[in-house]
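Asks: The structure file final_11.cif (mmCIF, C-alpha atoms) is provided below.
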data_coords
#
loop_
_atom_site.label_atom_id
_atom_site.label_comp_id
_atom_site.auth_asym_id
_atom_site.auth_seq_id
_atom_site.Cartn_x
_atom_site.Cartn_y
_atom_site.Cartn_z
CA MET A 11 8.36 -143.34 -20.82
CA GLU A 12 7.15 -146.31 -22.75
CA GLN A 13 9.82 -147.92 -24.83
CA PRO A 14 9.05 -148.54 -28.53
CA ALA A 15 8.28 -152.12 -29.37
CA ALA A 16 11.16 -154.10 -30.76
CA PRO A 17 10.81 -154.84 -34.46
CA THR A 18 9.35 -158.23 -35.24
CA ALA A 19 12.07 -160.61 -36.37
CA VAL A 20 11.66 -162.02 -39.85
CA ASP A 21 12.71 -165.62 -40.32
CA ILE A 22 14.58 -165.88 -43.60
CA PHE A 23 13.39 -169.50 -43.85
CA GLY A 24 9.75 -168.42 -43.73
CA LYS A 25 9.51 -168.18 -47.48
CA ALA A 26 10.27 -171.92 -47.74
CA GLY A 27 7.00 -172.92 -46.09
CA THR A 28 4.99 -170.43 -48.15
CA TRP A 29 6.62 -171.67 -51.35
CA ALA A 30 6.01 -175.32 -50.49
CA VAL A 31 2.30 -174.77 -49.88
CA GLY A 32 1.83 -172.88 -53.12
CA LYS A 33 3.89 -175.31 -55.14
CA GLN A 34 2.16 -178.32 -53.66
CA ALA A 35 -1.30 -176.85 -54.32
CA ARG A 36 -0.30 -176.25 -57.91
CA VAL A 37 0.69 -179.83 -58.64
CA ASP A 38 -1.82 -181.55 -56.35
CA ARG A 39 -4.55 -180.60 -58.80
CA ALA A 40 -2.91 -183.04 -61.18
CA GLY A 41 -2.72 -185.67 -58.45
CA PHE A 42 1.05 -186.07 -58.16
CA TYR A 43 4.39 -184.27 -58.03
CA PRO A 44 6.14 -184.70 -61.39
CA TYR A 45 9.74 -183.68 -60.64
CA PHE A 46 12.83 -185.34 -59.18
CA ALA A 47 11.63 -188.81 -60.16
CA ALA A 48 14.26 -191.31 -59.00
CA ILE A 49 15.53 -193.52 -61.81
CA GLU A 50 16.45 -196.92 -60.41
CA GLU A 51 18.06 -198.25 -63.59
CA ASN A 52 19.11 -196.60 -66.82
CA LEU A 53 18.90 -198.98 -69.77
CA GLY A 54 19.67 -196.48 -72.53
CA THR A 55 16.36 -195.99 -74.30
CA LYS A 56 14.46 -197.30 -71.27
CA VAL A 57 14.50 -196.56 -67.54
CA ILE A 58 13.14 -198.24 -64.43
CA ILE A 59 11.10 -195.98 -62.12
CA ASP A 60 9.18 -197.37 -59.14
CA GLY A 61 9.94 -200.83 -60.45
CA ARG A 62 8.32 -200.15 -63.84
CA GLU A 63 10.07 -200.09 -67.21
CA MET A 64 9.43 -197.01 -69.32
CA ILE A 65 10.48 -195.78 -72.75
CA MET A 66 12.66 -192.71 -72.23
CA ILE A 67 11.76 -189.87 -74.61
CA GLY A 68 13.03 -187.13 -72.32
CA SER A 69 16.80 -187.59 -72.34
CA ASN A 70 19.42 -185.27 -73.86
CA ASN A 71 21.74 -188.23 -74.49
CA TYR A 72 21.13 -187.55 -78.17
CA LEU A 73 23.61 -190.01 -79.67
CA GLY A 74 23.39 -192.58 -76.89
CA LEU A 75 27.14 -192.28 -76.33
CA SER A 76 26.94 -192.55 -72.54
CA TRP A 77 26.24 -196.22 -73.26
CA ASP A 78 28.89 -196.73 -75.94
CA PRO A 79 31.42 -199.35 -74.69
CA ARG A 80 34.33 -197.31 -76.06
CA VAL A 81 33.32 -194.26 -74.03
CA ILE A 82 32.82 -196.32 -70.89
CA GLU A 83 36.15 -198.13 -71.29
CA ALA A 84 38.03 -194.87 -71.85
CA SER A 85 36.54 -193.42 -68.67
CA VAL A 86 37.37 -196.49 -66.61
CA ALA A 87 40.96 -196.64 -67.90
CA ALA A 88 41.61 -192.97 -67.13
CA THR A 89 40.11 -193.31 -63.66
CA LYS A 90 42.35 -196.27 -62.90
CA ARG A 91 45.41 -194.38 -64.10
CA TYR A 92 44.77 -190.89 -62.68
CA GLY A 93 42.22 -191.42 -59.89
CA THR A 94 38.69 -190.12 -59.47
CA SER A 95 39.44 -186.40 -59.05
CA CYS A 96 41.89 -183.66 -59.92
CA SER A 97 41.25 -182.27 -56.41
CA GLY A 98 41.74 -178.67 -57.37
CA SER A 99 40.75 -175.86 -59.71
CA ARG A 100 42.16 -175.41 -63.19
CA PHE A 101 43.79 -172.21 -61.94
CA LEU A 102 45.94 -173.94 -59.33
CA ASN A 103 46.59 -177.69 -59.19
CA GLY A 104 43.70 -179.08 -61.25
CA THR A 105 44.97 -178.82 -64.84
CA PHE A 106 46.10 -182.17 -66.24
CA LYS A 107 47.72 -182.69 -69.62
CA LEU A 108 44.46 -184.49 -70.48
CA HIS A 109 42.60 -181.17 -70.23
CA GLU A 110 44.94 -179.43 -72.64
CA GLU A 111 44.88 -182.28 -75.16
CA LEU A 112 41.07 -182.33 -75.15
CA GLU A 113 40.95 -178.55 -75.56
CA GLU A 114 43.15 -178.76 -78.64
CA GLN A 115 40.88 -181.40 -80.15
CA LEU A 116 37.71 -179.43 -79.38
CA ALA A 117 39.07 -176.20 -80.87
CA ARG A 118 39.94 -178.01 -84.08
CA PHE A 119 36.49 -179.68 -84.15
CA VAL A 120 34.58 -176.37 -84.07
CA GLY A 121 36.99 -174.51 -86.33
CA LYS A 122 38.58 -172.26 -83.71
CA ARG A 123 42.16 -171.75 -82.57
CA ALA A 124 41.76 -172.32 -78.84
CA ALA A 125 39.34 -173.80 -76.33
CA LEU A 126 38.83 -173.96 -72.57
CA CYS A 127 37.01 -176.68 -70.58
CA PHE A 128 34.79 -176.00 -67.55
CA THR A 129 33.37 -178.50 -65.07
CA THR A 130 29.76 -178.06 -66.27
CA GLY A 131 28.03 -176.49 -69.23
CA TYR A 132 26.20 -174.10 -66.90
CA GLN A 133 29.51 -172.88 -65.50
CA THR A 134 30.86 -172.41 -69.03
CA ASN A 135 28.16 -169.89 -69.90
CA LEU A 136 28.22 -168.31 -66.46
CA GLY A 137 31.98 -167.91 -66.56
CA ALA A 138 32.61 -166.88 -70.16
CA ILE A 139 29.85 -164.27 -70.39
CA SER A 140 30.49 -162.71 -66.98
CA ALA A 141 34.23 -162.54 -67.70
CA LEU A 142 33.78 -160.77 -71.04
CA ALA A 143 30.94 -158.36 -70.27
CA GLY A 144 31.97 -155.52 -67.97
CA ARG A 145 31.01 -151.97 -67.12
CA GLN A 146 29.65 -150.00 -70.10
CA ASP A 147 29.24 -153.23 -72.11
CA ILE A 148 25.93 -154.48 -73.50
CA VAL A 149 24.74 -158.08 -73.95
CA ILE A 150 22.04 -158.63 -76.58
CA SER A 151 20.03 -161.80 -75.98
CA ASP A 152 17.37 -163.81 -77.78
CA ARG A 153 14.31 -163.79 -75.52
CA LEU A 154 14.25 -167.62 -75.33
CA ASN A 155 17.93 -168.22 -74.59
CA HIS A 156 18.78 -170.92 -72.04
CA ALA A 157 18.81 -170.05 -68.33
CA SER A 158 22.59 -170.55 -68.11
CA LEU A 159 23.10 -167.81 -70.69
CA VAL A 160 20.69 -165.54 -68.82
CA ASP A 161 22.49 -166.21 -65.54
CA GLY A 162 25.83 -165.38 -67.15
CA MET A 163 24.36 -162.02 -68.11
CA LEU A 164 22.99 -161.51 -64.58
CA LEU A 165 26.39 -162.24 -63.07
CA ALA A 166 27.93 -159.74 -65.48
CA GLY A 167 25.36 -157.16 -64.42
CA GLY A 168 26.01 -157.80 -60.74
CA MET A 169 29.22 -157.42 -58.72
CA ASN A 170 29.03 -153.67 -59.49
CA ARG A 171 30.00 -154.36 -63.07
CA GLY A 172 26.98 -152.60 -64.55
CA THR A 173 26.65 -154.63 -67.74
CA LYS A 174 23.42 -153.77 -69.56
CA VAL A 175 21.25 -156.57 -71.00
CA VAL A 176 18.75 -156.03 -73.81
CA ARG A 177 16.55 -158.70 -75.36
CA TYR A 178 15.00 -159.15 -78.78
CA GLY A 179 12.03 -161.25 -79.88
CA HIS A 180 12.78 -164.91 -80.43
CA ASP A 181 14.29 -165.45 -83.89
CA ASP A 182 13.07 -161.97 -84.85
CA ILE A 183 15.79 -160.57 -87.09
CA GLU A 184 13.97 -157.28 -87.66
CA ASP A 185 13.57 -156.73 -83.92
CA LEU A 186 17.24 -157.55 -83.38
CA GLU A 187 18.28 -154.94 -85.93
CA ARG A 188 16.02 -152.38 -84.29
CA VAL A 189 17.69 -153.12 -80.94
CA LEU A 190 21.19 -152.89 -82.40
CA GLN A 191 20.42 -149.61 -84.17
CA ASN A 192 19.54 -147.99 -80.86
CA LEU A 193 22.69 -149.02 -79.00
CA PRO A 194 25.59 -146.58 -78.53
CA GLU A 195 28.46 -147.11 -80.92
CA ASP A 196 31.08 -146.70 -78.20
CA ALA A 197 29.81 -149.64 -76.09
CA GLY A 198 31.21 -153.16 -76.26
CA LYS A 199 28.49 -155.49 -77.54
CA LEU A 200 28.05 -159.26 -77.20
CA LEU A 201 25.22 -160.91 -79.15
CA VAL A 202 24.28 -164.18 -77.44
CA THR A 203 22.16 -166.99 -78.88
CA ASP A 204 21.45 -170.67 -78.62
CA GLY A 205 22.17 -172.63 -81.79
CA VAL A 206 19.28 -175.05 -81.23
CA PHE A 207 16.78 -173.75 -78.67
CA SER A 208 16.35 -176.20 -75.82
CA MET A 209 12.55 -176.04 -75.47
CA GLU A 210 11.45 -175.03 -78.96
CA GLY A 211 13.76 -177.26 -81.03
CA ASP A 212 14.29 -174.63 -83.73
CA ILE A 213 17.60 -173.44 -85.17
CA ALA A 214 19.07 -169.94 -84.91
CA ARG A 215 19.61 -168.23 -88.27
CA LEU A 216 23.34 -167.93 -87.81
CA PRO A 217 24.27 -166.20 -91.10
CA LYS A 218 21.77 -163.40 -90.49
CA LEU A 219 22.88 -163.00 -86.89
CA GLY A 220 26.48 -162.86 -88.00
CA GLU A 221 25.73 -160.26 -90.65
CA LEU A 222 24.01 -157.98 -88.13
CA ALA A 223 26.74 -158.49 -85.55
CA ARG A 224 29.40 -157.39 -88.02
CA ARG A 225 27.34 -154.43 -89.26
CA TYR A 226 26.81 -153.04 -85.76
CA GLY A 227 30.18 -153.89 -84.22
CA ALA A 228 29.07 -156.75 -81.97
CA ARG A 229 30.72 -160.07 -81.21
CA LEU A 230 28.63 -163.25 -81.52
CA TYR A 231 28.48 -165.95 -78.81
CA LEU A 232 26.94 -169.25 -79.99
CA ASP A 233 25.71 -171.89 -77.52
CA GLU A 234 25.81 -175.29 -79.23
CA ALA A 235 24.60 -177.41 -76.28
CA HIS A 236 21.68 -178.89 -78.22
CA ALA A 237 23.22 -178.57 -81.69
CA ILE A 238 26.51 -180.48 -81.78
CA GLY A 239 25.73 -184.12 -82.53
CA VAL A 240 22.17 -183.13 -83.45
CA ILE A 241 22.28 -181.05 -86.65
CA GLY A 242 24.64 -180.63 -89.58
CA PRO A 243 25.51 -183.26 -92.22
CA THR A 244 28.12 -184.79 -89.90
CA GLY A 245 26.70 -183.58 -86.58
CA ARG A 246 28.98 -180.57 -86.15
CA GLY A 247 26.13 -178.29 -85.18
CA THR A 248 24.76 -174.93 -86.25
CA GLN A 249 27.90 -173.79 -88.04
CA GLU A 250 27.87 -176.88 -90.24
CA HIS A 251 24.09 -176.72 -90.71
CA TRP A 252 24.43 -173.27 -92.29
CA ASP A 253 27.94 -173.89 -93.71
CA ASP A 254 28.98 -170.77 -91.82
CA TYR A 255 32.16 -170.98 -89.75
CA ASP A 256 32.81 -167.23 -89.77
CA SER A 257 29.84 -165.68 -87.95
CA ALA A 258 30.38 -167.00 -84.41
CA ASP A 259 33.31 -165.43 -82.58
CA LEU A 260 32.88 -167.77 -79.61
CA VAL A 261 31.41 -171.28 -79.71
CA MET A 262 30.26 -172.96 -76.52
CA CYS A 263 28.98 -176.50 -75.92
CA THR A 264 28.18 -178.75 -72.99
CA PHE A 265 29.32 -182.36 -72.63
CA SER A 266 26.09 -183.47 -70.95
CA LYS A 267 24.13 -183.95 -74.17
CA SER A 268 25.64 -185.56 -77.28
CA PHE A 269 28.99 -186.23 -75.58
CA GLY A 270 27.31 -188.38 -72.94
CA ALA A 271 29.29 -186.98 -70.00
CA ILE A 272 29.37 -183.70 -68.06
CA GLY A 273 31.31 -180.47 -68.43
CA GLY A 274 31.57 -177.87 -71.15
CA PHE A 275 33.90 -175.77 -73.27
CA VAL A 276 34.15 -172.42 -75.00
CA ALA A 277 36.29 -171.90 -78.11
CA GLY A 278 37.59 -168.84 -79.93
CA GLU A 279 40.72 -166.80 -80.51
CA PRO A 280 43.65 -167.63 -78.16
CA GLU A 281 43.84 -164.18 -76.53
CA VAL A 282 40.09 -164.21 -75.77
CA ILE A 283 40.22 -167.74 -74.33
CA ASP A 284 43.26 -166.81 -72.26
CA PHE A 285 41.40 -163.79 -70.89
CA ILE A 286 38.40 -165.96 -69.91
CA LYS A 287 40.79 -168.48 -68.34
CA HIS A 288 42.11 -165.81 -65.96
CA GLU A 289 38.84 -163.94 -65.29
CA ALA A 290 36.03 -166.53 -65.13
CA ARG A 291 35.09 -167.02 -61.47
CA PRO A 292 33.23 -170.34 -62.06
CA LEU A 293 36.45 -171.75 -63.55
CA ILE A 294 38.86 -170.33 -60.97
CA PHE A 295 36.79 -171.28 -57.93
CA SER A 296 35.57 -174.76 -58.95
CA ALA A 297 37.33 -178.10 -59.07
CA SER A 298 38.16 -179.21 -62.59
CA MET A 299 36.70 -182.02 -64.68
CA PRO A 300 37.94 -185.40 -63.37
CA PRO A 301 40.16 -187.61 -65.56
CA GLY A 302 37.48 -190.22 -66.23
CA THR A 303 35.16 -187.55 -67.60
CA ILE A 304 37.85 -185.97 -69.76
CA ALA A 305 38.64 -189.36 -71.30
CA ALA A 306 34.94 -190.09 -71.88
CA VAL A 307 34.49 -186.78 -73.72
CA ALA A 308 37.59 -187.39 -75.84
CA ALA A 309 36.31 -190.83 -76.82
CA ALA A 310 32.86 -189.44 -77.64
CA LEU A 311 34.43 -186.69 -79.73
CA ARG A 312 36.31 -189.26 -81.81
CA ILE A 313 33.07 -191.18 -82.42
CA ILE A 314 31.19 -188.03 -83.47
CA GLU A 315 34.00 -187.12 -85.87
CA GLU A 316 34.54 -190.58 -87.34
CA GLU A 317 31.00 -191.99 -87.35
CA PRO A 318 28.51 -189.42 -88.71
CA GLU A 319 25.93 -192.17 -89.13
CA HIS A 320 24.84 -191.62 -85.51
CA ALA A 321 23.89 -187.99 -86.17
CA LEU A 322 22.22 -188.96 -89.45
CA ARG A 323 20.11 -191.58 -87.66
CA LEU A 324 19.10 -188.98 -85.10
CA GLN A 325 18.10 -186.54 -87.85
CA GLU A 326 16.04 -189.25 -89.52
CA ILE A 327 14.25 -189.91 -86.22
CA ALA A 328 13.73 -186.18 -85.63
CA GLY A 329 12.09 -185.68 -89.01
CA ARG A 330 9.88 -188.69 -88.50
CA MET A 331 8.71 -187.64 -85.03
CA VAL A 332 8.04 -184.01 -85.93
CA ASP A 333 5.93 -185.11 -88.90
CA ALA A 334 4.13 -187.81 -86.89
CA PHE A 335 3.20 -185.53 -84.00
CA LYS A 336 1.98 -182.87 -86.41
CA SER A 337 -0.15 -185.38 -88.30
CA LEU A 338 -1.73 -186.47 -85.02
CA GLY A 339 -2.77 -182.88 -84.33
CA PHE A 340 -0.15 -181.84 -81.76
CA ASN A 341 1.21 -178.31 -81.74
CA VAL A 342 5.00 -178.73 -81.99
CA GLY A 343 5.80 -175.10 -82.69
CA PRO A 344 8.78 -174.41 -84.97
CA SER A 345 10.67 -177.60 -84.05
CA CYS A 346 12.81 -179.19 -86.76
CA THR A 347 15.26 -181.15 -84.58
CA ALA A 348 15.33 -184.03 -82.09
CA ILE A 349 13.69 -181.72 -79.51
CA VAL A 350 9.95 -181.91 -80.17
CA PRO A 351 7.74 -179.92 -77.77
CA LEU A 352 4.10 -180.92 -77.42
CA ILE A 353 2.69 -177.50 -76.60
CA ILE A 354 -0.39 -177.63 -74.38
CA GLY A 355 -0.55 -174.22 -72.71
CA ASP A 356 -2.31 -174.99 -69.44
CA ASP A 357 -0.10 -176.13 -66.55
CA ASN A 358 -2.63 -178.50 -64.97
CA LEU A 359 -3.49 -180.17 -68.27
CA THR A 360 0.23 -180.60 -68.94
CA PHE A 361 0.71 -182.31 -65.57
CA LEU A 362 -2.28 -184.58 -66.21
CA PHE A 363 -0.93 -185.57 -69.62
CA HIS A 364 2.49 -186.26 -68.14
CA ARG A 365 0.95 -188.51 -65.48
CA ALA A 366 -1.03 -190.39 -68.12
CA LEU A 367 2.13 -191.00 -70.15
CA LEU A 368 3.95 -192.33 -67.08
CA GLU A 369 1.08 -194.67 -66.26
CA HIS A 370 1.36 -196.15 -69.76
CA GLY A 371 5.15 -196.54 -69.75
CA VAL A 372 6.40 -193.39 -71.49
CA TYR A 373 8.70 -190.90 -69.76
CA ALA A 374 8.84 -187.32 -71.06
CA ASN A 375 9.33 -183.95 -69.33
CA PRO A 376 6.57 -181.55 -68.21
CA VAL A 377 7.78 -177.94 -68.56
CA VAL A 378 5.93 -174.92 -67.19
CA SER A 379 6.71 -171.24 -66.60
CA PRO A 380 9.28 -169.79 -65.97
CA ALA A 381 11.17 -172.34 -68.11
CA VAL A 382 8.70 -171.41 -70.88
CA PRO A 383 6.54 -168.28 -71.25
CA PRO A 384 3.30 -168.09 -69.21
CA ASN A 385 0.52 -170.20 -70.77
CA GLY A 386 3.15 -172.00 -72.80
CA ALA A 387 3.34 -175.23 -70.78
CA LEU A 388 4.49 -178.23 -72.77
CA ILE A 389 5.69 -181.79 -72.72
CA ARG A 390 9.29 -181.75 -73.91
CA THR A 391 10.10 -184.87 -75.87
CA SER A 392 13.63 -185.50 -77.08
CA PHE A 393 15.00 -188.46 -78.95
CA MET A 394 18.16 -190.52 -79.22
CA ALA A 395 19.89 -192.08 -82.18
CA ILE A 396 19.65 -195.45 -80.38
CA HIS A 397 15.83 -195.46 -80.21
CA SER A 398 14.33 -198.37 -82.16
CA ASP A 399 11.46 -197.90 -84.57
CA ASP A 400 9.27 -200.06 -82.33
CA GLU A 401 9.97 -197.81 -79.34
CA LEU A 402 9.12 -194.71 -81.37
CA ASP A 403 5.88 -196.29 -82.62
CA ARG A 404 4.89 -197.21 -79.07
CA ALA A 405 5.61 -193.69 -77.79
CA LEU A 406 3.50 -192.17 -80.56
CA GLU A 407 0.66 -194.59 -79.86
CA VAL A 408 0.57 -193.75 -76.14
CA CYS A 409 0.89 -189.99 -76.71
CA ALA A 410 -1.96 -189.99 -79.23
CA LYS A 411 -4.29 -192.14 -77.14
CA GLU A 412 -3.82 -190.22 -73.90
CA ALA A 413 -3.92 -186.80 -75.57
CA ARG A 414 -7.29 -187.64 -77.17
CA LYS A 415 -8.68 -188.65 -73.79
CA LEU A 416 -7.71 -185.27 -72.36
CA GLY A 417 -8.91 -183.28 -75.37
CA ILE A 418 -5.40 -182.07 -76.23
CA ILE A 419 -5.75 -183.27 -79.83
#
With the file now loaded, output its structure as structure tokens.

Replies:
Amino acid sequence: MEQPAAPTAVDIFGKAGTWAVGKQARVDRAGFYPYFAAIEENLGTKVIIDGREMIMIGSNNYLGLSWDPRVIEASVAATKRYGTSCSGSRFLNGTFKLHEELEEQLARFVGKRAALCFTTGYQTNLGAISALAGRQDIVISDRLNHASLVDGMLLAGGMNRGTKVVRYGHDDIEDLERVLQNLPEDAGKLLVTDGVFSMEGDIARLPKLGELARRYGARLYLDEAHAIGVIGPTGRGTQEHWDDYDSADLVMCTFSKSFGAIGGFVAGEPEVIDFIKHEARPLIFSASMPPGTIAAVAAALRIIEEEPEHALRLQEIAGRMVDAFKSLGFNVGPSCTAIVPLIIGDDNLTFLFHRALLEHGVYANPVVSPAVPPNGALIRTSFMAIHSDDELDRALEVCAKEARKLGII
């Protein structure tokens, strides 16, 4: 009797070759691959790539504090005293007194009673959301929330936890209320939003979100990654912008933007923070922030608190660039912050524009789906308080000239 043929083995790596061909074909139409460009030197507002100096208008170093001598010196001093690593997780041997002192300062800064530091901003959202949202709970998310927030929800929904995720239209308060009205009263609810949206550059309407959260029994989680140091009269973010320190139950922020370092924190009531501390897998199973980074963040925090002129300069630049790009004919969407998207729509045209900017000494970021909705490709420009007026003028000149050549404006 003839034996049945053995099933054909499937190589799990096979998808890599298929992906590479498709990806390469997509970008080859623009004549180059635009990602993972190696920066040879970082000069603050300028970078060296392939031996060429370029104006950087794609960095999230909003206040330029990664270059502040006080931040650098604090990091060096802590490294010399404590070494380069804590060599363990916060849960076991990786909590230094430096961590706890910084957490106290951060909690006070955002108007909360307790805070907890993670090793990256991504891990902060991943850990806090997945710790809080369990079986029978529901997370309500703005449709354009950052990927780290989305992944925190996915982790909560996985591991047999069964958390349900529902989304509402971006900044659509009426749609949010419709969603909340249809949720069961006996479910735990977490409303999650960015403060400043990372691609659009617009600001969440915190008071309205807080009002709806209270009315429908939800807690509000506010991601301030692109807000602290960027908006508010003294740079304290979305809460200060709206003069509303009551709506957000939990405030999160990364250290990789305005703080000029890496890491993140979440702040709220002590019992909630303590719960996250003992349940967040990305905290428990990752090595903690090293001493040099902790000291850098603490120094940056002091500067943000004591020198609001940096945030005010950034806001002045943001207003100027939004108005200038609009007057040139660019579509910048709802942006009103230092994140100014130049919305193009077509992926290939976006890649071509990006290449033209590089060739003329301006570095910005091409962003295509899934980071933005389909047919929503854009060049993401973002600005720093340390940009000079001459650098801004030059960037505008190049953007306008190259966009006209390509028929974008």

Asks: Residues near His364 of chain A, anyone? I mean within 12 Å using only C-alpha atoms, not counting same-chain ones fewer than 3 positions away, as a PyMOL selection string.

Replies: chain A and resi 37+40-45+67-68+352+354+357-361+367-378+387-391+408-409+412-413+416

Asks: Can you turn the PyMOL selection byres ((chain A and resi 234) around 6) into a concrete residue list for this file, as a PyMOL selection string?

Replies: chain A and resi 205+233+235-238+262-263

Asks: Include C-alpha atoms and write out the residues we just selected as a compact mmCIF listing (two decimals), in the frame of the given file.

Replies:
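Below is the file selection.txt, written as the result:
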# COMPACT_ATOMS: atom_id res chain seq x y z
CA GLY A 205 22.17 -172.63 -81.79
CA ASP A 233 25.71 -171.89 -77.52
CA ALA A 235 24.60 -177.41 -76.28
CA HIS A 236 21.68 -178.89 -78.22
CA ALA A 237 23.22 -178.57 -81.69
CA ILE A 238 26.51 -180.48 -81.78
CA MET A 262 30.26 -172.96 -76.52
CA CYS A 263 28.98 -176.50 -75.92

Asks: Ranking A:Pro351, A:Gly131, A:Gly247, A:Gly167 by minimum distance to Val206 of chain A and counting only C-alpha atoms, which one comes first?

Replies: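 Among the listed residues, the smallest separation from Val206 of chain A belongs to A:Gly247.
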
Asks: Can you list, as a PyMOL selection string, the residues that the PyMOL selection byres ((chain A and resi 128) around 10) selects here?

Replies: chain A and resi 99-100+109+126-127+129-135+137-138+264-265+272-276+287+290+292-294+296-299

Asks: Restrict the selected residues to C-alpha atoms and save them as a short mmCIF file (atom, residue, chain, number, x, y, z; two decimals), in the coordinates of the input.

Replies:
data_model
loop_
_atom_site.label_atom_id
_atom_site.label_comp_id
_atom_site.auth_asym_id
_atom_site.auth_seq_id
_atom_site.Cartn_x
_atom_site.Cartn_y
_atom_site.Cartn_z
CA SER A 99 40.75 -175.86 -59.71
CA ARG A 100 42.16 -175.41 -63.19
CA HIS A 109 42.60 -181.17 -70.23
CA LEU A 126 38.83 -173.96 -72.57
CA CYS A 127 37.01 -176.68 -70.58
CA THR A 129 33.37 -178.50 -65.07
CA THR A 130 29.76 -178.06 -66.27
CA GLY A 131 28.03 -176.49 -69.23
CA TYR A 132 26.20 -174.10 -66.90
CA GLN A 133 29.51 -172.88 -65.50
CA THR A 134 30.86 -172.41 -69.03
CA ASN A 135 28.16 -169.89 -69.90
CA GLY A 137 31.98 -167.91 -66.56
CA ALA A 138 32.61 -166.88 -70.16
CA THR A 264 28.18 -178.75 -72.99
CA PHE A 265 29.32 -182.36 -72.63
CA ILE A 272 29.37 -183.70 -68.06
CA GLY A 273 31.31 -180.47 -68.43
CA GLY A 274 31.57 -177.87 -71.15
CA PHE A 275 33.90 -175.77 -73.27
CA VAL A 276 34.15 -172.42 -75.00
CA LYS A 287 40.79 -168.48 -68.34
CA ALA A 290 36.03 -166.53 -65.13
CA PRO A 292 33.23 -170.34 -62.06
CA LEU A 293 36.45 -171.75 -63.55
CA ILE A 294 38.86 -170.33 -60.97
CA SER A 296 35.57 -174.76 -58.95
CA ALA A 297 37.33 -178.10 -59.07
CA SER A 298 38.16 -179.21 -62.59
CA MET A 299 36.70 -182.02 -64.68
#

Asks: Between atom CA of Leu201 of chain A and atom CA of Tyr231 of chain A, what is the spacing in Å?

Replies: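 Separating atom CA of Tyr231 of chain A from atom CA of Leu201 of chain A is a distance of 6.0 Å.
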
Asks: With a distance cut-off of 6 Å and only C-alpha atoms, select the neighbouring residues of Asp152 of chain A, excluding the residue or stretch itself and same-chain residues fewer than 5 positions from it, and output the selection as a list of chain:residue names.

Replies: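 What passes the distance filter is A:Arg177, A:Tyr178, A:His180, A:Thr203.
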
Asks: Counting all atoms listed in the file, what is within 9 Å of His156 of chain A, bar same-chain residues fewer than 5 positions away, as a list of chain:residue names?

Replies: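 Here the qualifying residues turn out to be A:Asp161, A:Thr203, A:Asp204, A:Phe207, A:Ser208, A:Met209, A:Asp233, A:Ala381.
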
Asks: Excluding Arg229 of chain A and its own-chain neighbours fewer than 4 positions away, which residues fall within 10 Å of it when counting all atoms listed in the file? Please give them as a list in words.

Replies: Val149, Ile150, Gly198, Lys199, Leu200, Leu201, Val202, Gly220, Leu222, Ala223, Arg224, Ser257, Ala258, Asp259 and Leu260 of chain A

Asks: Can you give me, as an mmCIF file with C-alpha atoms, in the coordinates of the input, the residues this file yields under the PyMOL selection byres ((chain A and resi 197) around 10)?

Replies:
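As a result, out15.cif now contains:
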data_model
loop_
_atom_site.group_PDB
_atom_site.id
_atom_site.type_symbol
_atom_site.label_atom_id
_atom_site.label_comp_id
_atom_site.auth_asym_id
_atom_site.auth_seq_id
_atom_site.Cartn_x
_atom_site.Cartn_y
_atom_site.Cartn_z
ATOM 1 C CA ARG A 145 31.010 -151.970 -67.120
ATOM 2 C CA GLN A 146 29.650 -150.000 -70.100
ATOM 3 C CA ASP A 147 29.240 -153.230 -72.110
ATOM 4 C CA ILE A 148 25.930 -154.480 -73.500
ATOM 5 C CA LEU A 193 22.690 -149.020 -79.000
ATOM 6 C CA PRO A 194 25.590 -146.580 -78.530
ATOM 7 C CA GLU A 195 28.460 -147.110 -80.920
ATOM 8 C CA ASP A 196 31.080 -146.700 -78.200
ATOM 9 C CA GLY A 198 31.210 -153.160 -76.260
ATOM 10 C CA LYS A 199 28.490 -155.490 -77.540
ATOM 11 C CA LEU A 200 28.050 -159.260 -77.200
ATOM 12 C CA GLY A 227 30.180 -153.890 -84.220
ATOM 13 C CA ALA A 228 29.070 -156.750 -81.970
#

Asks: Name the residues in contact with Lys411 of chain A at a cut-off of 12 Å, using only C-alpha atoms, excluding same-chain residues fewer than 5 positions from it; report them as an MDAnalysis selection string.

Replies: chainID A and resid 338:339 363 366:367 370 404:406 416:419

Asks: Could those residues be written to a file, using C-alpha atoms, as a PDB file, in the coordinates of the input?

Replies:
ATOM      1  CA  LEU A 338      -1.730-186.470 -85.020  1.00  0.00           C
ATOM      2  CA  GLY A 339      -2.770-182.880 -84.330  1.00  0.00           C
ATOM      3  CA  PHE A 363      -0.930-185.570 -69.620  1.00  0.00           C
ATOM      4  CA  ALA A 366      -1.030-190.390 -68.120  1.00  0.00           C
ATOM      5  CA  LEU A 367       2.130-191.000 -70.150  1.00  0.00           C
ATOM      6  CA  HIS A 370       1.360-196.150 -69.760  1.00  0.00           C
ATOM      7  CA  ARG A 404       4.890-197.210 -79.070  1.00  0.00           C
ATOM      8  CA  ALA A 405       5.610-193.690 -77.790  1.00  0.00           C
ATOM      9  CA  LEU A 406       3.500-192.170 -80.560  1.00  0.00           C
ATOM     10  CA  LEU A 416      -7.710-185.270 -72.360  1.00  0.00           C
ATOM     11  CA  GLY A 417      -8.910-183.280 -75.370  1.00  0.00           C
ATOM     12  CA  ILE A 418      -5.400-182.070 -76.230  1.00  0.00           C
ATOM     13  CA  ILE A 419      -5.750-183.270 -79.830  1.00  0.00           C
TER      14      ILE A 419
END

Asks: Select from segment 79-145 of chain A every residue with an atom at most 12 Å from any atom of segment 314-329 of chain A, then for each give the shortest pair of atoms and their distance in Å to one decimal, using only C-alpha atoms, rows by chain and rising number, as CSV.

Replies:
residue,atom,partner,partner_atom,distance
A:Val81,CA,A:Ile314,CA,11.5
A:Gln115,CA,A:Glu315,CA,10.6
A:Leu116,CA,A:Glu315,CA,10.7
A:Arg118,CA,A:Glu315,CA,11.0
A:Phe119,CA,A:Glu315,CA,8.0
A:Val120,CA,A:Glu315,CA,10.9
